[in-house]
Every structure is written in structure tokens, then in C-alpha cells.
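Asker: Below is a structure I'd like to ask you about.
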Amino acid sequence: MMLERTLVLIKPDGVQRGLSGRVIQRFEDVGLKIVGMKMKWIDASFSKTHYAALVSKPFYPGLEKMITEGPVIAMVLEGLHAVELVRKMVGATEPKSAAPGTIRGDFAHHSYAATDKEGRSIKNIIHASGTLEESKVEVALWFGPSELFTYKTVHEMHVF
Ligand code: UDP
Ligand code: MG
């Protein structure tokens with residue numbers, strides 16, 4: 001089976017807008033299993049580790065400011081092709097370009113044009129690991145082994 005685990009963060013804008021429940025609902029609706037979940041308020045140092053690949057980008061200072069401005073809800077979702085499936089549900093990075101039906105397309109419309117000139121980060125509600133390799137690094141960064149759980153869902157009988 002192509003069982004994968006992926007890291008999802010409801011970013012501070014998503015938490016502060018009260019969208020957490022509706023976002024989590026979408027993942028439960030497709031049958032993804034929540035195997036870990038917590039709220040965490042990260043600092044600049046943790047942001048630099050999480051976004052290590054982006055630290056040298058011009059938009060990084062705005063990204064760090066945004067991701068540390070409030071707590072995030074972090075979760076690990078498990079399912080078939082979970083990394084690709086979750087990225088499909090999350091949609092394109094820029095909410096203006098994200099397709100309707102995706103989380104970023106349905107709950108935001110922020111654009112690069114509106115943020116770049118102000119050095120702000122784009123507000124797109126959610127983070128999800130981009131690749132299987134990224135997911136392994138990110139899950140290990142955010143969750144210890146004792147914070148991840150193994151249990152059975154009905155989807156394992158009726159969907160898989
Ligand atoms: N970001 C931004 N401006 C950019 C590119 C990225 O503000 O030009 C922010 C945005 O919040 C994005 C995050 O940096 O979600 C991480 O960027 P990445 O390219 O990894 O996009 P993602 O994987 O989140 O779609
Ligand atoms: Mg990314």
C-alpha cells in the first residue's frame with residue numbers, strides 16, 4: 001500500500017480566522033487519518049529550520065514574521081498518497097491562482113502582486129509538505145514518536 005504521512009499546518013491567519021475546523025473537516029471527509037495534532041507557537045529559530053530551503057529568498061523575512069505571529073495547528077495526516085493528495089486539496093501557493101475547490105482557492109484570494117511590494121508574506125491559510133522527502137523531515141521536526149498514534153479507522157475497511 002502507498003501509505004504516507006504528511007505534515008499540515010494551519011497557519012496563524014487560518015487559526016485567527018477561525019477556519020481550523022472547516023479545514024480539518026475536509027481532510028477527514030476524504031478519509032485521511034489524523035495520527036498527530038497539536039497547537040504550537042514557533043519562534044524565529046524554529047521557522048528557519050522549518051523553512052530552511054527558503055531562508056535566502058527575498059520573501060523570507062515576511063514569511064518568518066507571518067508564521068511566528070500566532071500559534072499554528074500542526075497535524076500529521078496519514079493515507080494513500082497522502083503527500084500528493086493533501087497538496088491537491090491545498091491548492092496553489094498564491095490564493096488568487098488556486099483553483100476553486102481547494103482550501104487556498106476557497107478561503108482566500110491574496111496575491112503576490114498585493115504582497116511583494118510590501119515585503120509581506122502571502123497569507124494562504126495552510127502549509128503542507130511538498131514531497132515525500134520533505135514530509136519525512138517535517139514530520140520528524142514537528143512531532144516526536146510518542147506524539148504519533150496508530151489506530152484503525154472505518155476507511156481502512158471501506159475505502160482502501
Ligand atoms: N511565500 C510568499 N511569497 C512567495 C513565495 C512563498 O509569501 O513568493 C510564502 C507563502 O506563505 C508560502 C510559503 O512562503 O506558502 C512557503 O513557500 P513555498 O514555495 O514552499 O510554497 P507552499 O509549499 O507553501 O505552497
Ligand atoms: Mg513548500
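FYI, nothing fancy with the C-alpha cells labels: chains A, B, ... in order, residues from 1 per chain, ligands from 1 as they appear.
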Per DSSP on the backbone, filter range 23-156 of chain A down to the residues in strand (DSSP E) and report them as a list in words.
Answerer: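 After running DSSP on the backbone, range 23-156 of chain A has strand (DSSP E) at Lys33, Ile34, Val35, Gly36, Met37, Lys38, Met39, Lys40, Val72, Ile73, Ala74, Met75, Val76, Leu77, Glu78, Gly79, Leu80, Ile126, His127 and Ala128 of chain A.
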Asker: Write out as a ChimeraX atom specification the set of residues from range 4-158 of chain A that DSSP, computed on the backbone, places in helix (DSSP H, G or I).
Answerer: /A:12-16,20-29,44-50,52-54,60-67,82-90,103-107,112-116,132-142,145-147,155-158
Asker: When you draw a straight line from CA of Asp116 in chain A to CA of Ile73 in chain A, how long is it in Å?
Answerer: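 Going from CA of Asp116 in chain A over to CA of Ile73 in chain A, I get 25.9 Å.
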Asker: For each of A:Asp13, A:Glu4, A:Glu147, A:Glu28, take the minimum atom-to-atom distance to ligand 1, counting only C-alpha atoms and all ligand atoms, then give the residue where this is smallest.
Answerer: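 Among the listed residues, the smallest separation from ligand 1 belongs to A:Asp13.
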Asker: May I ask you to write as a tab-separated table (two decimals) with C-alpha atoms, in the first residue's frame all residues lying at most 12 Å from ligand 2, with only C-alpha atoms and all ligand atoms counted?
Answerer:
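Below you can see part11.tsv, which holds the result:
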chain	number	residue	atom	x	y	z
A	7	LEU	CA	2.73	17.44	7.77
A	8	VAL	CA	-0.05	20.04	7.64
A	9	LEU	CA	-0.01	23.38	9.48
A	50	HIS	CA	11.20	24.51	9.06
A	51	TYR	CA	11.70	26.83	6.08
A	52	ALA	CA	15.46	26.08	5.72
A	53	ALA	CA	15.19	25.90	1.93
A	54	LEU	CA	13.62	29.38	1.78
A	63	LEU	CA	7.29	34.68	5.83
A	83	VAL	CA	1.52	13.94	0.31
A	87	ARG	CA	-1.21	19.19	-1.85
A	90	VAL	CA	-4.45	22.67	-0.51
A	91	GLY	CA	-4.04	24.19	-3.99
A	92	ALA	CA	-1.52	26.60	-5.47
A	93	THR	CA	0.68	28.76	-3.22
A	94	GLU	CA	-0.95	32.01	-4.40
A	124	ASN	CA	-2.64	31.29	2.32
A	126	ILE	CA	-2.19	26.37	5.32
A	127	HIS	CA	1.15	24.62	4.87
A	128	ALA	CA	1.54	21.09	3.56
A	129	SER	CA	4.69	19.09	2.83
A	130	GLY	CA	5.59	19.35	-0.85
A	131	THR	CA	7.25	15.97	-1.40
A	132	LEU	CA	7.60	12.65	0.38
A	133	GLU	CA	11.20	13.53	1.31
A	134	GLU	CA	10.06	16.91	2.70
A	135	SER	CA	7.27	15.19	4.65
A	138	GLU	CA	8.94	17.94	8.55
Asker: Just how far from CA of Glu118 in chain A is CA of Ser97 in chain A, in Å to one decimal?
Answerer: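 That distance, rounded to one decimal, is 19.5 Å.
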Asker: In Å, rounded to a single decimal, give me how far CA of Val30 in chain A is from CA of Phe149 in chain A.
Answerer: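 Between these atoms lies a distance of 19.2 Å.
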Asker: What lies within 12 Å of His155 in chain A using only C-alpha atoms, ignoring chain neighbours under 4 positions off, as a compact mmCIF listing (two decimals) with all heavy atoms, in the first residue's frame?
Answerer:
# COMPACT_ATOMS: atom_id res chain seq x y z
N GLU A 28 -10.71 15.00 6.93
CA GLU A 28 -11.45 13.85 7.45
C GLU A 28 -12.43 13.32 6.41
O GLU A 28 -12.63 12.12 6.28
CB GLU A 28 -12.20 14.22 8.74
CG GLU A 28 -11.27 14.48 9.92
CD GLU A 28 -12.02 14.65 11.23
OE1 GLU A 28 -13.08 15.30 11.24
OE2 GLU A 28 -11.55 14.14 12.25
N ASP A 29 -13.04 14.23 5.63
CA ASP A 29 -14.04 13.82 4.65
C ASP A 29 -13.47 12.90 3.58
O ASP A 29 -14.17 12.03 3.08
CB ASP A 29 -14.67 15.05 3.97
CG ASP A 29 -15.68 15.76 4.86
OD1 ASP A 29 -16.09 15.19 5.90
OD2 ASP A 29 -16.06 16.90 4.52
N VAL A 30 -12.21 13.13 3.17
CA VAL A 30 -11.63 12.23 2.15
C VAL A 30 -11.07 10.94 2.74
O VAL A 30 -10.62 10.07 2.00
CB VAL A 30 -10.53 12.90 1.28
CG1 VAL A 30 -11.07 14.03 0.46
CG2 VAL A 30 -9.33 13.32 2.10
N GLY A 31 -11.10 10.85 4.06
CA GLY A 31 -10.67 9.60 4.69
C GLY A 31 -9.25 9.60 5.19
O GLY A 31 -8.73 8.56 5.59
N LEU A 32 -8.61 10.77 5.16
CA LEU A 32 -7.26 10.84 5.74
C LEU A 32 -7.36 10.66 7.25
O LEU A 32 -8.32 11.12 7.88
CB LEU A 32 -6.60 12.17 5.40
CG LEU A 32 -6.11 12.27 3.94
CD1 LEU A 32 -5.89 13.73 3.55
CD2 LEU A 32 -4.84 11.47 3.74
N LYS A 33 -6.36 10.01 7.82
CA LYS A 33 -6.36 9.74 9.25
C LYS A 33 -5.46 10.75 9.96
O LYS A 33 -4.31 10.94 9.57
CB LYS A 33 -5.82 8.33 9.50
CG LYS A 33 -5.91 7.85 10.93
CD LYS A 33 -4.99 6.68 11.19
CE LYS A 33 -5.48 5.42 10.52
NZ LYS A 33 -4.68 4.23 10.95
N GLU A 78 -2.35 10.76 7.60
CA GLU A 78 -1.88 9.51 7.00
C GLU A 78 -2.92 8.98 6.04
O GLU A 78 -4.12 9.04 6.31
CB GLU A 78 -1.65 8.47 8.12
CG GLU A 78 -1.10 7.14 7.62
CD GLU A 78 -0.94 6.17 8.77
OE1 GLU A 78 0.11 6.21 9.44
OE2 GLU A 78 -1.87 5.38 9.02
N GLY A 79 -2.46 8.49 4.91
CA GLY A 79 -3.36 7.88 3.93
C GLY A 79 -2.61 7.50 2.68
O GLY A 79 -1.40 7.73 2.58
N LEU A 80 -3.34 6.93 1.73
CA LEU A 80 -2.73 6.56 0.46
C LEU A 80 -2.30 7.82 -0.27
O LEU A 80 -3.10 8.76 -0.41
CB LEU A 80 -3.75 5.79 -0.40
CG LEU A 80 -4.24 4.46 0.18
CD1 LEU A 80 -5.36 3.90 -0.70
CD2 LEU A 80 -3.09 3.46 0.27
N TYR A 151 -3.87 3.66 14.93
CA TYR A 151 -5.19 3.12 15.26
C TYR A 151 -5.93 2.86 13.94
O TYR A 151 -5.49 3.29 12.88
CB TYR A 151 -5.98 4.09 16.16
CG TYR A 151 -6.26 5.44 15.53
CD1 TYR A 151 -7.47 5.70 14.87
CD2 TYR A 151 -5.31 6.46 15.56
CE1 TYR A 151 -7.72 6.94 14.28
CE2 TYR A 151 -5.55 7.70 14.96
CZ TYR A 151 -6.77 7.93 14.33
OH TYR A 151 -7.01 9.14 13.74
N VAL A 159 -12.61 2.11 2.25
CA VAL A 159 -12.05 2.98 1.21
C VAL A 159 -10.75 2.44 0.64
O VAL A 159 -10.54 2.45 -0.56
CB VAL A 159 -11.85 4.42 1.74
CG1 VAL A 159 -11.33 5.33 0.63
CG2 VAL A 159 -13.15 4.97 2.31
N PHE A 160 -9.88 1.97 1.48
CA PHE A 160 -8.57 1.50 1.00
C PHE A 160 -8.74 0.23 0.17
O PHE A 160 -9.55 -0.61 0.49
CB PHE A 160 -7.65 1.19 2.17
CG PHE A 160 -7.12 2.42 2.88
CD1 PHE A 160 -7.64 3.68 2.66
CD2 PHE A 160 -6.06 2.30 3.78
CE1 PHE A 160 -7.14 4.79 3.33
CE2 PHE A 160 -5.56 3.40 4.44
CZ PHE A 160 -6.10 4.65 4.22
Asker: Nearest to ligand 1 among A:Val137, A:Leu77, A:Ala99, A:Ile125, with distances taken over only C-alpha atoms and all ligand atoms: which residue is it?
Answerer: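 Counting only C-alpha atoms and all ligand atoms, the residue closest to ligand 1 is A:Ile125.
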Asker: Considering only C-alpha atoms, can you say which of A:Ala114, A:Met39, A:Val139, A:Ala82 comes closest to Pro95 in chain A?
Answerer: A:Ala114
Asker: For ligand 1, which residue among A:Leu148, A:Leu141, A:Ala113, A:Met157 is the nearest when counting only C-alpha atoms and all ligand atoms?
Answerer: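 Smallest distance to ligand 1 is found for A:Ala113.
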